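Asks: Got structure-v7.cif for you, mmCIF, C-alpha atoms and all ligand atoms:
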data_start
#
loop_
_atom_site.label_atom_id
_atom_site.label_comp_id
_atom_site.auth_asym_id
_atom_site.auth_seq_id
_atom_site.Cartn_x
_atom_site.Cartn_y
_atom_site.Cartn_z
CA MET A 1 -155.19 172.56 210.32
CA ASP A 2 -157.47 173.28 207.37
CA LEU A 3 -158.12 169.98 205.65
CA PRO A 4 -158.08 169.88 201.86
CA LEU A 5 -161.39 169.27 200.08
CA TYR A 6 -161.95 165.54 199.70
CA PHE A 7 -161.89 164.31 196.10
CA ASP A 8 -160.64 160.79 196.79
CA TYR A 9 -163.77 158.70 197.29
CA ASN A 10 -162.27 155.87 195.22
CA ALA A 11 -159.54 155.53 197.84
CA THR A 12 -162.05 155.33 200.65
CA THR A 13 -165.30 156.88 201.82
CA PRO A 14 -166.40 158.27 205.18
CA CYS A 15 -168.66 155.93 207.14
CA HIS A 16 -172.29 156.94 206.80
CA PRO A 17 -173.62 158.03 210.25
CA GLU A 18 -176.37 155.39 209.98
CA VAL A 19 -173.67 152.77 209.44
CA VAL A 20 -171.82 153.89 212.56
CA GLU A 21 -175.05 153.91 214.55
CA ALA A 22 -175.87 150.37 213.42
CA MET A 23 -172.39 149.16 214.36
CA LEU A 24 -172.05 150.76 217.81
CA PRO A 25 -174.02 148.26 219.93
CA TYR A 26 -171.89 145.42 218.58
CA PHE A 27 -168.80 146.97 220.18
CA THR A 28 -170.31 147.55 223.59
CA SER A 29 -173.54 145.83 224.56
CA THR A 30 -174.13 143.10 221.95
CA TYR A 31 -170.51 142.09 221.82
CA GLY A 32 -170.86 138.31 221.61
CA ASN A 33 -168.81 136.05 219.39
CA ALA A 34 -171.03 134.93 216.51
CA SER A 35 -169.66 131.41 216.97
CA SER A 36 -170.73 131.18 220.65
CA GLY A 37 -173.73 128.99 220.01
CA HIS A 38 -174.59 128.27 223.65
CA HIS A 39 -175.77 131.62 224.97
CA PRO A 40 -177.70 134.72 223.89
CA TYR A 41 -174.59 136.88 223.40
CA GLY A 42 -173.54 134.57 220.60
CA TRP A 43 -177.07 134.20 219.23
CA PHE A 44 -177.55 137.99 218.92
CA ALA A 45 -174.22 138.35 217.16
CA ALA A 46 -174.96 135.44 214.81
CA ASP A 47 -178.40 136.91 214.00
CA ALA A 48 -176.82 140.26 213.18
CA VAL A 49 -174.29 138.57 210.87
CA GLU A 50 -177.05 136.69 209.06
CA SER A 51 -179.14 139.86 208.63
CA ALA A 52 -176.10 141.61 207.16
CA ARG A 53 -175.54 138.66 204.83
CA GLU A 54 -179.08 139.15 203.55
CA GLU A 55 -178.55 142.88 203.05
CA VAL A 56 -175.35 142.31 201.04
CA ALA A 57 -177.04 139.58 199.02
CA GLU A 58 -179.99 141.85 198.24
CA LEU A 59 -177.71 144.61 196.98
CA ILE A 60 -176.19 142.34 194.33
CA GLY A 61 -179.18 140.07 193.57
CA ALA A 62 -177.66 137.00 195.23
CA ALA A 63 -178.90 134.56 197.86
CA ALA A 64 -177.63 135.06 201.41
CA LYS A 65 -175.91 131.67 201.40
CA GLU A 66 -173.79 132.83 198.45
CA ILE A 67 -172.12 135.59 200.52
CA LEU A 68 -168.91 134.93 202.44
CA PHE A 69 -167.49 137.62 204.75
CA THR A 70 -163.79 138.52 204.58
CA SER A 71 -161.50 141.25 205.87
CA GLY A 72 -161.90 143.21 202.65
CA ALA A 73 -161.73 142.87 198.90
CA THR A 74 -158.02 142.06 198.84
CA GLU A 75 -158.69 138.96 200.89
CA ALA A 76 -161.82 138.09 198.89
CA ILE A 77 -159.81 138.32 195.66
CA ASN A 78 -156.93 136.24 197.04
CA LEU A 79 -159.38 133.61 198.26
CA ALA A 80 -161.25 133.49 194.95
CA ILE A 81 -158.15 133.24 192.78
CA LYS A 82 -155.78 131.16 194.89
CA GLY A 83 -158.58 129.20 196.53
CA LEU A 84 -159.87 128.12 193.13
CA ALA A 85 -156.46 127.52 191.57
CA LEU A 86 -155.23 125.46 194.50
CA ALA A 87 -158.40 123.37 194.88
CA LYS A 88 -158.60 120.18 192.83
CA ASN A 89 -159.35 121.53 189.38
CA GLU A 90 -158.70 118.83 186.79
CA ASN A 91 -155.24 120.13 186.05
CA LYS A 92 -156.60 123.40 184.72
CA LYS A 93 -153.58 125.63 185.10
CA HIS A 94 -154.27 128.62 182.86
CA LEU A 95 -155.60 131.95 184.14
CA ILE A 96 -156.60 135.12 182.27
CA THR A 97 -156.75 138.72 183.56
CA ILE A 98 -156.50 142.26 182.21
CA ALA A 99 -153.36 144.35 182.54
CA THR A 100 -155.24 147.13 184.37
CA GLU A 101 -156.54 144.98 187.24
CA HIS A 102 -155.94 145.94 190.87
CA LYS A 103 -152.68 144.71 192.40
CA ALA A 104 -154.62 142.24 194.56
CA VAL A 105 -155.41 140.40 191.32
CA LEU A 106 -152.07 140.89 189.55
CA ASP A 107 -150.01 139.87 192.57
CA SER A 108 -152.19 136.78 193.11
CA MET A 109 -151.49 135.84 189.49
CA GLU A 110 -147.76 136.30 189.98
CA ASP A 111 -147.87 134.11 193.10
CA LEU A 112 -149.57 131.37 191.10
CA VAL A 113 -147.13 131.67 188.18
CA ARG A 114 -144.36 130.96 190.69
CA GLN A 115 -146.29 127.80 191.59
CA GLY A 116 -146.44 126.55 187.99
CA PHE A 117 -149.58 128.24 186.64
CA GLU A 118 -149.73 129.90 183.24
CA TRP A 119 -151.11 133.44 183.00
CA THR A 120 -152.42 135.46 180.06
CA CYS A 121 -152.59 139.17 180.84
CA LEU A 122 -154.78 140.88 178.24
CA PRO A 123 -153.61 144.30 177.01
CA VAL A 124 -155.89 147.34 176.77
CA ASN A 125 -156.09 150.06 174.12
CA ALA A 126 -155.40 153.76 174.71
CA ASN A 127 -158.87 154.14 176.26
CA GLY A 128 -158.28 151.24 178.65
CA GLU A 129 -160.65 148.89 176.78
CA ILE A 130 -160.04 145.22 176.07
CA SER A 131 -160.80 143.44 172.80
CA LEU A 132 -163.43 140.72 173.17
CA ASP A 133 -161.94 139.00 170.07
CA GLN A 134 -158.58 138.88 171.78
CA LEU A 135 -160.25 137.48 174.89
CA LYS A 136 -161.97 134.78 172.79
CA SER A 137 -158.67 133.69 171.31
CA SER A 138 -157.01 133.58 174.74
CA PHE A 139 -159.14 130.73 176.08
CA LYS A 140 -157.38 127.37 176.12
CA GLU A 141 -158.43 123.81 176.92
CA ASN A 142 -156.93 124.18 180.37
CA THR A 143 -158.19 127.70 181.23
CA LEU A 144 -159.59 127.71 184.73
CA LEU A 145 -160.47 131.32 185.52
CA LEU A 146 -161.01 134.72 183.93
CA VAL A 147 -160.72 137.76 186.22
CA ALA A 148 -161.91 141.21 185.20
CA MET A 149 -162.77 144.22 187.31
CA THR A 150 -166.24 145.66 186.86
CA ALA A 151 -164.90 149.21 187.03
CA ASN A 152 -161.34 150.43 187.09
CA ASN A 153 -160.32 152.23 190.26
CA GLU A 154 -158.16 154.82 188.48
CA THR A 155 -160.09 155.67 185.31
CA GLY A 156 -163.57 154.43 186.26
CA ASN A 157 -163.70 152.42 183.01
CA LEU A 158 -166.50 149.85 182.97
CA HIS A 159 -165.65 146.53 181.31
CA PRO A 160 -168.27 144.53 179.35
CA ILE A 161 -168.76 142.10 182.25
CA LYS A 162 -171.93 140.46 180.93
CA GLU A 163 -170.31 139.68 177.57
CA MET A 164 -167.10 138.48 179.21
CA ALA A 165 -169.02 136.24 181.61
CA ALA A 166 -170.96 134.74 178.70
CA LEU A 167 -167.73 134.04 176.79
CA ALA A 168 -166.17 132.47 179.87
CA ARG A 169 -169.18 130.23 180.37
CA GLU A 170 -169.15 129.20 176.67
CA HIS A 171 -165.55 128.07 177.15
CA GLY A 172 -166.21 126.27 180.45
CA VAL A 173 -164.18 128.89 182.33
CA LEU A 174 -165.12 130.38 185.70
CA PHE A 175 -165.35 134.15 186.04
CA LEU A 176 -164.49 136.47 188.95
CA THR A 177 -165.23 140.17 188.87
CA ASP A 178 -163.69 142.69 191.27
CA ALA A 179 -166.65 145.02 191.69
CA VAL A 180 -165.18 147.11 194.51
CA GLN A 181 -165.52 150.49 192.81
CA ALA A 182 -169.01 149.96 191.44
CA ILE A 183 -170.91 148.16 194.19
CA GLY A 184 -173.39 150.25 196.14
CA LYS A 185 -172.93 153.10 193.69
CA ILE A 186 -174.37 151.78 190.43
CA PRO A 187 -176.90 148.94 190.16
CA LEU A 188 -175.31 145.50 189.66
CA ASN A 189 -176.94 142.09 189.69
CA VAL A 190 -174.82 138.95 189.75
CA LYS A 191 -177.49 136.82 188.10
CA GLU A 192 -177.98 139.27 185.23
CA LEU A 193 -174.23 139.62 184.79
CA GLY A 194 -173.72 135.86 184.93
CA VAL A 195 -170.59 136.01 187.09
CA ASP A 196 -169.42 133.09 189.24
CA MET A 197 -167.67 135.15 191.90
CA LEU A 198 -167.65 138.84 192.86
CA ALA A 199 -165.48 140.70 195.37
CA LEU A 200 -166.64 143.79 197.24
CA SER A 201 -165.42 146.03 200.04
CA ALA A 202 -167.36 148.01 202.67
CA HIS A 203 -165.07 151.03 202.91
CA LYS A 204 -165.61 152.05 199.29
CA MET A 205 -169.35 152.43 199.87
CA TYR A 206 -169.63 154.37 203.12
CA GLY A 207 -169.04 151.35 205.32
CA PRO A 208 -166.12 150.56 207.67
CA LYS A 209 -162.59 149.57 206.67
CA GLY A 210 -161.39 145.99 207.13
CA VAL A 211 -164.49 144.14 205.98
CA GLY A 212 -165.65 142.86 202.63
CA ALA A 213 -167.31 139.91 201.00
CA LEU A 214 -166.98 137.35 198.27
CA TYR A 215 -170.05 136.22 196.34
CA ILE A 216 -169.70 132.58 195.32
CA ARG A 217 -172.39 131.28 192.98
CA LYS A 218 -174.12 128.18 194.31
CA GLY A 219 -174.80 125.23 192.11
CA SER A 220 -171.57 124.80 190.20
CA PRO A 221 -169.65 121.66 191.20
CA LYS A 222 -166.58 123.13 189.45
CA LEU A 223 -166.60 126.10 191.83
CA THR A 224 -164.80 124.71 194.86
CA LEU A 225 -162.35 126.83 196.80
CA LYS A 226 -159.50 125.84 199.08
CA ALA A 227 -159.50 127.95 202.26
CA GLN A 228 -156.56 130.35 202.42
CA ILE A 229 -156.99 131.03 206.15
CA THR A 230 -157.60 127.94 208.25
CA GLY A 231 -158.53 127.57 211.91
CA GLY A 232 -161.90 127.66 213.63
CA GLY A 233 -163.90 126.78 210.52
CA GLN A 234 -166.02 129.96 210.36
CA GLU A 235 -167.74 130.94 207.09
CA ARG A 236 -168.40 127.37 205.98
CA ASP A 237 -164.79 126.45 206.67
CA LEU A 238 -163.69 128.75 203.82
CA ARG A 239 -162.46 131.63 205.95
CA SER A 240 -161.55 130.91 209.53
CA GLY A 241 -161.27 133.63 212.15
CA THR A 242 -163.67 135.21 214.64
CA LEU A 243 -166.18 137.20 212.63
CA ASN A 244 -165.85 140.97 212.71
CA VAL A 245 -169.43 141.42 213.84
CA PRO A 246 -169.52 145.26 214.04
CA GLY A 247 -167.78 145.49 210.65
CA ILE A 248 -170.15 142.99 209.07
CA VAL A 249 -173.15 144.85 210.50
CA GLY A 250 -171.68 148.04 209.00
CA LEU A 251 -171.25 146.38 205.61
CA GLY A 252 -174.86 145.21 205.75
CA LYS A 253 -176.12 148.70 206.57
CA ALA A 254 -173.92 150.26 203.87
CA SER A 255 -175.38 147.76 201.40
CA SER A 256 -178.98 148.66 202.16
CA LEU A 257 -178.17 152.39 202.04
CA GLY A 258 -176.35 151.84 198.73
CA LEU A 259 -179.35 150.02 197.31
CA ALA A 260 -181.68 152.83 198.37
CA ASN A 261 -179.53 155.74 197.18
CA GLN A 262 -177.35 154.55 194.32
CA LEU A 263 -179.50 155.67 191.39
CA ASP A 264 -180.16 159.23 192.61
CA GLU A 265 -176.61 159.69 193.82
CA ALA A 266 -175.09 158.44 190.55
CA GLN A 267 -177.27 160.92 188.66
CA ARG A 268 -176.28 163.82 190.92
CA LEU A 269 -172.60 162.95 190.75
CA SER A 270 -172.51 162.46 187.00
CA LYS A 271 -173.58 166.10 186.51
CA LEU A 272 -170.84 167.30 188.86
CA ARG A 273 -168.24 165.00 187.31
CA ASN A 274 -169.09 166.18 183.80
CA LYS A 275 -168.74 169.80 184.88
CA LEU A 276 -165.42 169.04 186.55
CA GLU A 277 -164.13 167.17 183.54
CA THR A 278 -165.18 169.87 181.07
CA GLY A 279 -163.43 172.49 183.20
CA LEU A 280 -160.21 170.48 183.57
CA LEU A 281 -160.04 169.66 179.89
CA GLU A 282 -159.95 173.37 179.09
CA ILE A 283 -156.51 173.53 180.73
CA GLU A 284 -153.67 173.59 178.22
CA GLY A 285 -151.99 170.21 177.66
CA SER A 286 -154.69 168.24 179.47
CA GLN A 287 -156.00 164.87 178.37
CA LEU A 288 -158.72 162.59 179.66
CA ASN A 289 -157.80 159.01 180.50
CA GLY A 290 -160.58 156.47 180.08
CA SER A 291 -163.30 155.31 177.74
CA SER A 292 -166.76 156.76 177.14
CA ASN A 293 -168.24 153.97 179.30
CA ARG A 294 -167.11 155.02 182.76
CA LEU A 295 -168.32 155.31 186.32
CA PRO A 296 -170.20 158.59 186.72
CA TYR A 297 -168.09 159.82 189.65
CA VAL A 298 -164.48 159.46 188.51
CA CYS A 299 -162.35 161.81 186.49
CA ASN A 300 -158.76 161.00 185.48
CA VAL A 301 -156.84 163.77 183.71
CA SER A 302 -153.16 164.09 182.76
CA PHE A 303 -151.31 167.35 182.22
CA ARG A 304 -148.62 166.88 179.61
CA GLY A 305 -145.29 168.63 179.99
CA ILE A 306 -145.29 169.26 183.76
CA LEU A 307 -143.70 167.26 186.55
CA GLY A 308 -145.97 164.95 188.52
CA LYS A 309 -144.47 165.34 191.98
CA PRO A 310 -144.71 169.13 192.33
CA LEU A 311 -148.16 168.97 190.77
CA LEU A 312 -149.45 166.54 193.38
CA ILE A 313 -147.75 168.35 196.27
CA ARG A 314 -149.30 171.68 195.28
CA ILE A 315 -152.73 170.22 194.52
CA ASN A 316 -152.88 168.25 197.79
CA LYS A 317 -152.54 171.48 199.77
CA LYS A 318 -156.15 172.29 198.91
CA LEU A 319 -157.58 169.16 197.31
CA ALA A 320 -157.25 165.57 198.52
CA VAL A 321 -156.79 163.76 195.21
CA SER A 322 -154.52 160.96 194.11
CA SER A 323 -152.47 160.37 191.02
CA GLY A 324 -153.30 156.66 190.85
CA ALA A 325 -154.52 153.95 193.19
CA ALA A 326 -154.25 154.92 196.87
CA CYS A 327 -152.35 151.74 197.68
CA SER A 328 -149.70 152.57 195.03
CA SER A 329 -149.25 156.16 196.07
CA VAL A 330 -146.46 155.21 198.43
CA THR A 331 -144.33 154.26 195.42
CA ASP A 332 -142.93 156.82 193.04
CA LYS A 333 -143.69 154.68 190.01
CA PRO A 334 -146.14 155.68 187.30
CA SER A 335 -149.50 153.91 187.48
CA HIS A 336 -149.53 150.47 185.85
CA VAL A 337 -153.06 151.25 184.62
CA LEU A 338 -152.01 154.37 182.74
CA THR A 339 -148.82 152.84 181.35
CA ALA A 340 -150.89 149.84 180.12
CA MET A 341 -153.00 152.42 178.27
CA GLY A 342 -149.85 153.67 176.56
CA LEU A 343 -149.08 156.81 178.57
CA ASP A 344 -145.40 157.61 178.91
CA GLY A 345 -143.97 157.66 182.46
CA PRO A 346 -143.82 161.46 182.96
CA THR A 347 -147.38 162.00 181.66
CA ALA A 348 -148.68 159.13 183.80
CA MET A 349 -147.02 160.79 186.81
CA ALA A 350 -148.55 164.18 185.94
CA THR A 351 -152.05 162.78 186.36
CA LEU A 352 -154.81 163.54 188.82
CA ARG A 353 -157.62 161.18 189.73
CA LEU A 354 -160.54 163.01 191.25
CA SER A 355 -163.31 160.82 192.61
CA LEU A 356 -166.55 162.37 193.83
CA GLY A 357 -169.00 161.24 196.49
CA ARG A 358 -171.66 162.00 199.05
CA PHE A 359 -170.33 165.36 200.22
CA THR A 360 -169.10 166.75 196.89
CA THR A 361 -170.91 169.96 195.97
CA GLU A 362 -170.97 172.16 192.89
CA GLU A 363 -168.97 174.81 194.79
CA ASN A 364 -166.30 172.17 195.50
CA VAL A 365 -166.16 171.38 191.79
CA ASP A 366 -165.89 175.06 190.82
CA PHE A 367 -163.08 175.49 193.31
CA ALA A 368 -161.28 172.37 192.06
CA ILE A 369 -161.37 173.59 188.46
CA SER A 370 -160.01 177.03 189.28
CA TYR A 371 -157.38 175.75 191.72
CA ILE A 372 -156.07 173.02 189.43
CA SER A 373 -156.00 175.47 186.47
CA LYS A 374 -153.97 177.92 188.53
CA VAL A 375 -151.47 175.31 189.77
CA VAL A 376 -150.96 173.79 186.32
CA ASN A 377 -150.49 177.22 184.75
CA ASP A 378 -148.04 178.27 187.51
CA LEU A 379 -146.02 175.10 187.00
CA ARG A 380 -145.92 175.64 183.25
CA THR A 381 -144.73 179.21 183.68
CA ALA A 382 -142.06 178.12 186.15
CA SER A 383 -140.66 175.34 183.92
C1 LIG A 401 -160.62 147.86 192.34
C2 LIG A 401 -160.17 147.50 193.71
N1 LIG A 401 -160.02 146.22 194.05
C3 LIG A 401 -159.63 145.84 195.28
C4 LIG A 401 -159.34 146.77 196.24
C5 LIG A 401 -158.91 146.31 197.61
O1 LIG A 401 -159.95 146.47 198.53
P1 LIG A 401 -159.70 146.43 200.12
O2 LIG A 401 -159.21 147.78 200.49
O3 LIG A 401 -161.05 146.12 200.71
O4 LIG A 401 -158.73 145.34 200.38
C6 LIG A 401 -159.46 148.13 195.93
C7 LIG A 401 -159.09 149.15 196.94
O5 LIG A 401 -158.33 150.03 196.69
C8 LIG A 401 -159.89 148.50 194.63
O6 LIG A 401 -160.01 149.78 194.29
#
Is it possible to express this structure as structure tokens?

Replies:
Amino acid sequence: MDLPLYFDYNATTPCHPEVVEAMLPYFTSTYGNASSGHHPYGWFAADAVESAREEVAELIGAAAKEILFTSGATEAINLAIKGLALAKNENKKHLITIATEHKAVLDSMEDLVRQGFEWTCLPVNANGEISLDQLKSSFKENTLLLVAMTANNETGNLHPIKEMAALAREHGVLFLTDAVQAIGKIPLNVKELGVDMLALSAHKMYGPKGVGALYIRKGSPKLTLKAQITGGGQERDLRSGTLNVPGIVGLGKASSLGLANQLDEAQRLSKLRNKLETGLLEIEGSQLNGSSNRLPYVCNVSFRGILGKPLLIRINKKLAVSSGAACSSVTDKPSHVLTAMGLDGPTAMATLRLSLGRFTTEENVDFAISYISKVVNDLRTAS
């Protein structure tokens, strides 16, 4: 079977061969449990986990002791939000997010609303941007947490995280950013941004699936989390469960590769993305979704007046793209991100998100432009 060209790096990325190589011994020869403190098998595994913790910390400008390993960003986000809300927090019961957050955030909010919390969900404008004035006026006496993604997974929009973190701090509110789509691909530093917590995932940056991390700033007495998975007391009793040593080693390696390559790769990809976007926007009835401040490797374009389902079926024959978030593609609903930006249902459905990465070439981009143009034009003629 001829596989379609991969344009879905925001859904997941292939493991870098150096990541796989780093992980392999931890499946076969150095297979100890990192909690087995009485023999060398355990010591080697624990050392590998601590080295990976340092590599992740270095990528984001944190200290190793501020990194907590999880099974991915969904778990990190759940732990940050629910763990904070359900810890003793002086009756602070108000939470703020943005309407275009990932479902891991929105569903956590809904869970907490069912448990008596109050939630303000900030709207976005047609470009997917929030208003900082509206954010300012949303803070209340009892606001506990503000959550905002660094970069949106569907449009690539970058939020003003530094400004939002400063506002949160001014109002005595803690701040979590979901940095899954940006980490390891554009430079980010938690201290410069001023965030209290940050969630990241290995499989979006050429690491393995099923492993991620939560950065938790040290030194704030207000920042206490209640474990959401209890048991053996691993990860400072905040996340029990035998550590996924090969996965953690892979995340560490992916972090150091990301740190080494992110600037050059972002530059290379931004040229390709701009070419792709210019080509797609020449197609009749097309429109770009997103603001001018976006990740350099994501392109989200709608094609007004054609049906979404046949568009995606035809496109996916030759190009692996998605119409929204990968985890929502099993539903036939329009993307909540695009509808929050004001797109009507049919236009939101007739949308393609192309995300570029390590193996995307200029020839791939040229092919994508001509193939998408042909499919859209065929569908218009047929309708
Ligand atoms: C912005 C964002 N947040 C969170 C997640 C969830 O990450 P994971 O797959 O590690 O649970 C994703 C993955 O799709 C994402 O794109």

Asks: Determine, for each residue of chain A having at least one atom at most 7 Å from an atom of ligand LIG 401 (chain A), the closest pair of atoms and their separation in Å to one decimal, counting only C-alpha atoms and all ligand atoms; order by chain and ascending number, as JSON lines.

Replies:
{"residue": "A:Asn10", "atom": "CA", "partner": "A:LIG401", "partner_atom": "O6", "distance": 6.6}
{"residue": "A:Ala11", "atom": "CA", "partner": "A:LIG401", "partner_atom": "O5", "distance": 5.7}
{"residue": "A:Gly72", "atom": "CA", "partner": "A:LIG401", "partner_atom": "O3", "distance": 3.6}
{"residue": "A:Ala73", "atom": "CA", "partner": "A:LIG401", "partner_atom": "O3", "distance": 3.8}
{"residue": "A:Thr74", "atom": "CA", "partner": "A:LIG401", "partner_atom": "O4", "distance": 3.7}
{"residue": "A:Glu75", "atom": "CA", "partner": "A:LIG401", "partner_atom": "O4", "distance": 6.4}
{"residue": "A:His102", "atom": "CA", "partner": "A:LIG401", "partner_atom": "N1", "distance": 5.2}
{"residue": "A:Ala104", "atom": "CA", "partner": "A:LIG401", "partner_atom": "C3", "distance": 6.2}
{"residue": "A:Met149", "atom": "CA", "partner": "A:LIG401", "partner_atom": "C1", "distance": 6.6}
{"residue": "A:Ala151", "atom": "CA", "partner": "A:LIG401", "partner_atom": "C1", "distance": 7.0}
{"residue": "A:Asn152", "atom": "CA", "partner": "A:LIG401", "partner_atom": "C1", "distance": 5.9}
{"residue": "A:Asn153", "atom": "CA", "partner": "A:LIG401", "partner_atom": "O6", "distance": 4.7}
{"residue": "A:Asp178", "atom": "CA", "partner": "A:LIG401", "partner_atom": "N1", "distance": 5.8}
{"residue": "A:Ala179", "atom": "CA", "partner": "A:LIG401", "partner_atom": "C1", "distance": 6.7}
{"residue": "A:Val180", "atom": "CA", "partner": "A:LIG401", "partner_atom": "C2", "distance": 5.1}
{"residue": "A:Gln181", "atom": "CA", "partner": "A:LIG401", "partner_atom": "C1", "distance": 5.6}
{"residue": "A:Leu200", "atom": "CA", "partner": "A:LIG401", "partner_atom": "O3", "distance": 7.0}
{"residue": "A:Ser201", "atom": "CA", "partner": "A:LIG401", "partner_atom": "O3", "distance": 4.4}
{"residue": "A:Ala202", "atom": "CA", "partner": "A:LIG401", "partner_atom": "O3", "distance": 6.9}
{"residue": "A:His203", "atom": "CA", "partner": "A:LIG401", "partner_atom": "O3", "distance": 6.7}
{"residue": "A:Gly210", "atom": "CA", "partner": "A:LIG401", "partner_atom": "O3", "distance": 6.4}
{"residue": "A:Val211", "atom": "CA", "partner": "A:LIG401", "partner_atom": "O3", "distance": 6.6}
{"residue": "A:Gly212", "atom": "CA", "partner": "A:LIG401", "partner_atom": "O3", "distance": 6.0}
{"residue": "A:Ala325", "atom": "CA", "partner": "A:LIG401", "partner_atom": "O5", "distance": 6.5}
{"residue": "A:Ala326", "atom": "CA", "partner": "A:LIG401", "partner_atom": "O5", "distance": 6.4}
{"residue": "A:Cys327", "atom": "CA", "partner": "A:LIG401", "partner_atom": "O5", "distance": 6.3}

Asks: With only C-alpha atoms as the atoms that count, which of A:Thr100, A:Leu146, A:Leu79, A:Thr278 lies nearest to Ala126 in chain A?

Replies: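 Smallest separation from Ala126 in chain A among the options: A:Thr100.
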
Asks: What is the CA of Gly258 in chain A to CA of Cys15 in chain A distance in Å?

Replies: 12.1 Å

Asks: Which residues, written as a list in words, have at least one atom at most 7 Å from Ala99 in chain A, with all atoms listed in the file counted and residues fewer than 3 positions away on the same chain left out?

Replies: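 Result of the neighbour search: Cys121, Leu122, Pro123, Val124 and Ala340 of chain A.
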
Asks: Excluding Leu106 in chain A and any residue of its chain fewer than 4 positions from it, enumerate the residues within 12 Å of it, using all atoms listed in the file, and give them as a compact mmCIF listing (two decimals) with C-alpha atoms, in the coordinates of the input.

Replies:
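Written output follows (result.txt):
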# COMPACT_ATOMS: atom_id res chain seq x y z
CA THR A 74 -158.02 142.06 198.84
CA ILE A 77 -159.81 138.32 195.66
CA ASN A 78 -156.93 136.24 197.04
CA ILE A 81 -158.15 133.24 192.78
CA LYS A 82 -155.78 131.16 194.89
CA LEU A 95 -155.60 131.95 184.14
CA ILE A 96 -156.60 135.12 182.27
CA THR A 97 -156.75 138.72 183.56
CA ILE A 98 -156.50 142.26 182.21
CA ALA A 99 -153.36 144.35 182.54
CA THR A 100 -155.24 147.13 184.37
CA GLU A 101 -156.54 144.98 187.24
CA HIS A 102 -155.94 145.94 190.87
CA GLU A 110 -147.76 136.30 189.98
CA ASP A 111 -147.87 134.11 193.10
CA LEU A 112 -149.57 131.37 191.10
CA VAL A 113 -147.13 131.67 188.18
CA TRP A 119 -151.11 133.44 183.00
CA THR A 120 -152.42 135.46 180.06
CA CYS A 121 -152.59 139.17 180.84
CA LEU A 122 -154.78 140.88 178.24
CA VAL A 147 -160.72 137.76 186.22
CA ALA A 148 -161.91 141.21 185.20
CA MET A 149 -162.77 144.22 187.31
CA ASP A 178 -163.69 142.69 191.27
CA HIS A 336 -149.53 150.47 185.85
CA VAL A 337 -153.06 151.25 184.62

Asks: Between CA of Leu214 in chain A and CA of Met197 in chain A, what distance in Å does the model show, to one decimal?

Replies: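 Here the two named atoms are 6.8 Å from each other.
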
Asks: Enumerate, in order of chain and increasing residue number, the residues of range 220-290 of chain A with an atom no farther than 7 Å from range 55-67 of chain A, each with its shortest atom pair and distance in Å to one decimal, counting only C-alpha atoms, as CSV.

Replies:
residue,atom,partner,partner_atom,distance
A:Gly252,CA,A:Glu55,CA,5.1
A:Ser255,CA,A:Val56,CA,5.5
A:Ser256,CA,A:Glu55,CA,5.9
A:Leu259,CA,A:Leu59,CA,5.7

Asks: Which one of A:Ala227, A:Ala165, A:Ala254, A:Ile130 sits closest to Leu86 in chain A if you count all atoms listed in the file?

Replies: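 Checking each candidate against Leu86 in chain A, we get A:Ala227 as the closest.
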
Asks: If you count all atoms listed in the file, which residues fall within 10 Å of Pro246 in chain A, apart from same-chain ones fewer than 5 positions away, as a PDB file with C-alpha atoms, in the frame of the given file?

Replies:
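Below you can see out-v3.pdb, which holds the result:
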ATOM      1  CA  VAL A  19    -173.670 152.770 209.440  1.00  0.00           C
ATOM      2  CA  VAL A  20    -171.820 153.890 212.560  1.00  0.00           C
ATOM      3  CA  ALA A  22    -175.870 150.370 213.420  1.00  0.00           C
ATOM      4  CA  MET A  23    -172.390 149.160 214.360  1.00  0.00           C
ATOM      5  CA  LEU A  24    -172.050 150.760 217.810  1.00  0.00           C
ATOM      6  CA  PRO A  25    -174.020 148.260 219.930  1.00  0.00           C
ATOM      7  CA  TYR A  26    -171.890 145.420 218.580  1.00  0.00           C
ATOM      8  CA  PHE A  27    -168.800 146.970 220.180  1.00  0.00           C
ATOM      9  CA  THR A  28    -170.310 147.550 223.590  1.00  0.00           C
ATOM     10  CA  THR A  30    -174.130 143.100 221.950  1.00  0.00           C
ATOM     11  CA  TYR A  31    -170.510 142.090 221.820  1.00  0.00           C
ATOM     12  CA  ALA A  45    -174.220 138.350 217.160  1.00  0.00           C
ATOM     13  CA  ALA A  48    -176.820 140.260 213.180  1.00  0.00           C
ATOM     14  CA  VAL A  49    -174.290 138.570 210.870  1.00  0.00           C
ATOM     15  CA  PRO A 208    -166.120 150.560 207.670  1.00  0.00           C
ATOM     16  CA  VAL A 211    -164.490 144.140 205.980  1.00  0.00           C
ATOM     17  CA  LEU A 251    -171.250 146.380 205.610  1.00  0.00           C
ATOM     18  CA  GLY A 252    -174.860 145.210 205.750  1.00  0.00           C
TER      19      GLY A 252
END

Asks: Here's a test: counting only C-alpha atoms, identify every protein, DNA and RNA residue with an atom at most 10 Å from (-148.9, 167.7, 190.6) in the file's coordinate frame, and state them as a ChimeraX atom specification.

Replies: /A:302-303,306-316,321-323,349-352,372,375-376,379

Asks: Which residues are near Phe7 in chain A? Cut-off 9 Å, all atoms listed in the file, ignore same chain within fewer than 2 positions. Put them as a ChimeraX atom specification.

Replies: /A:4-5,9-10,319-322,353-357,360
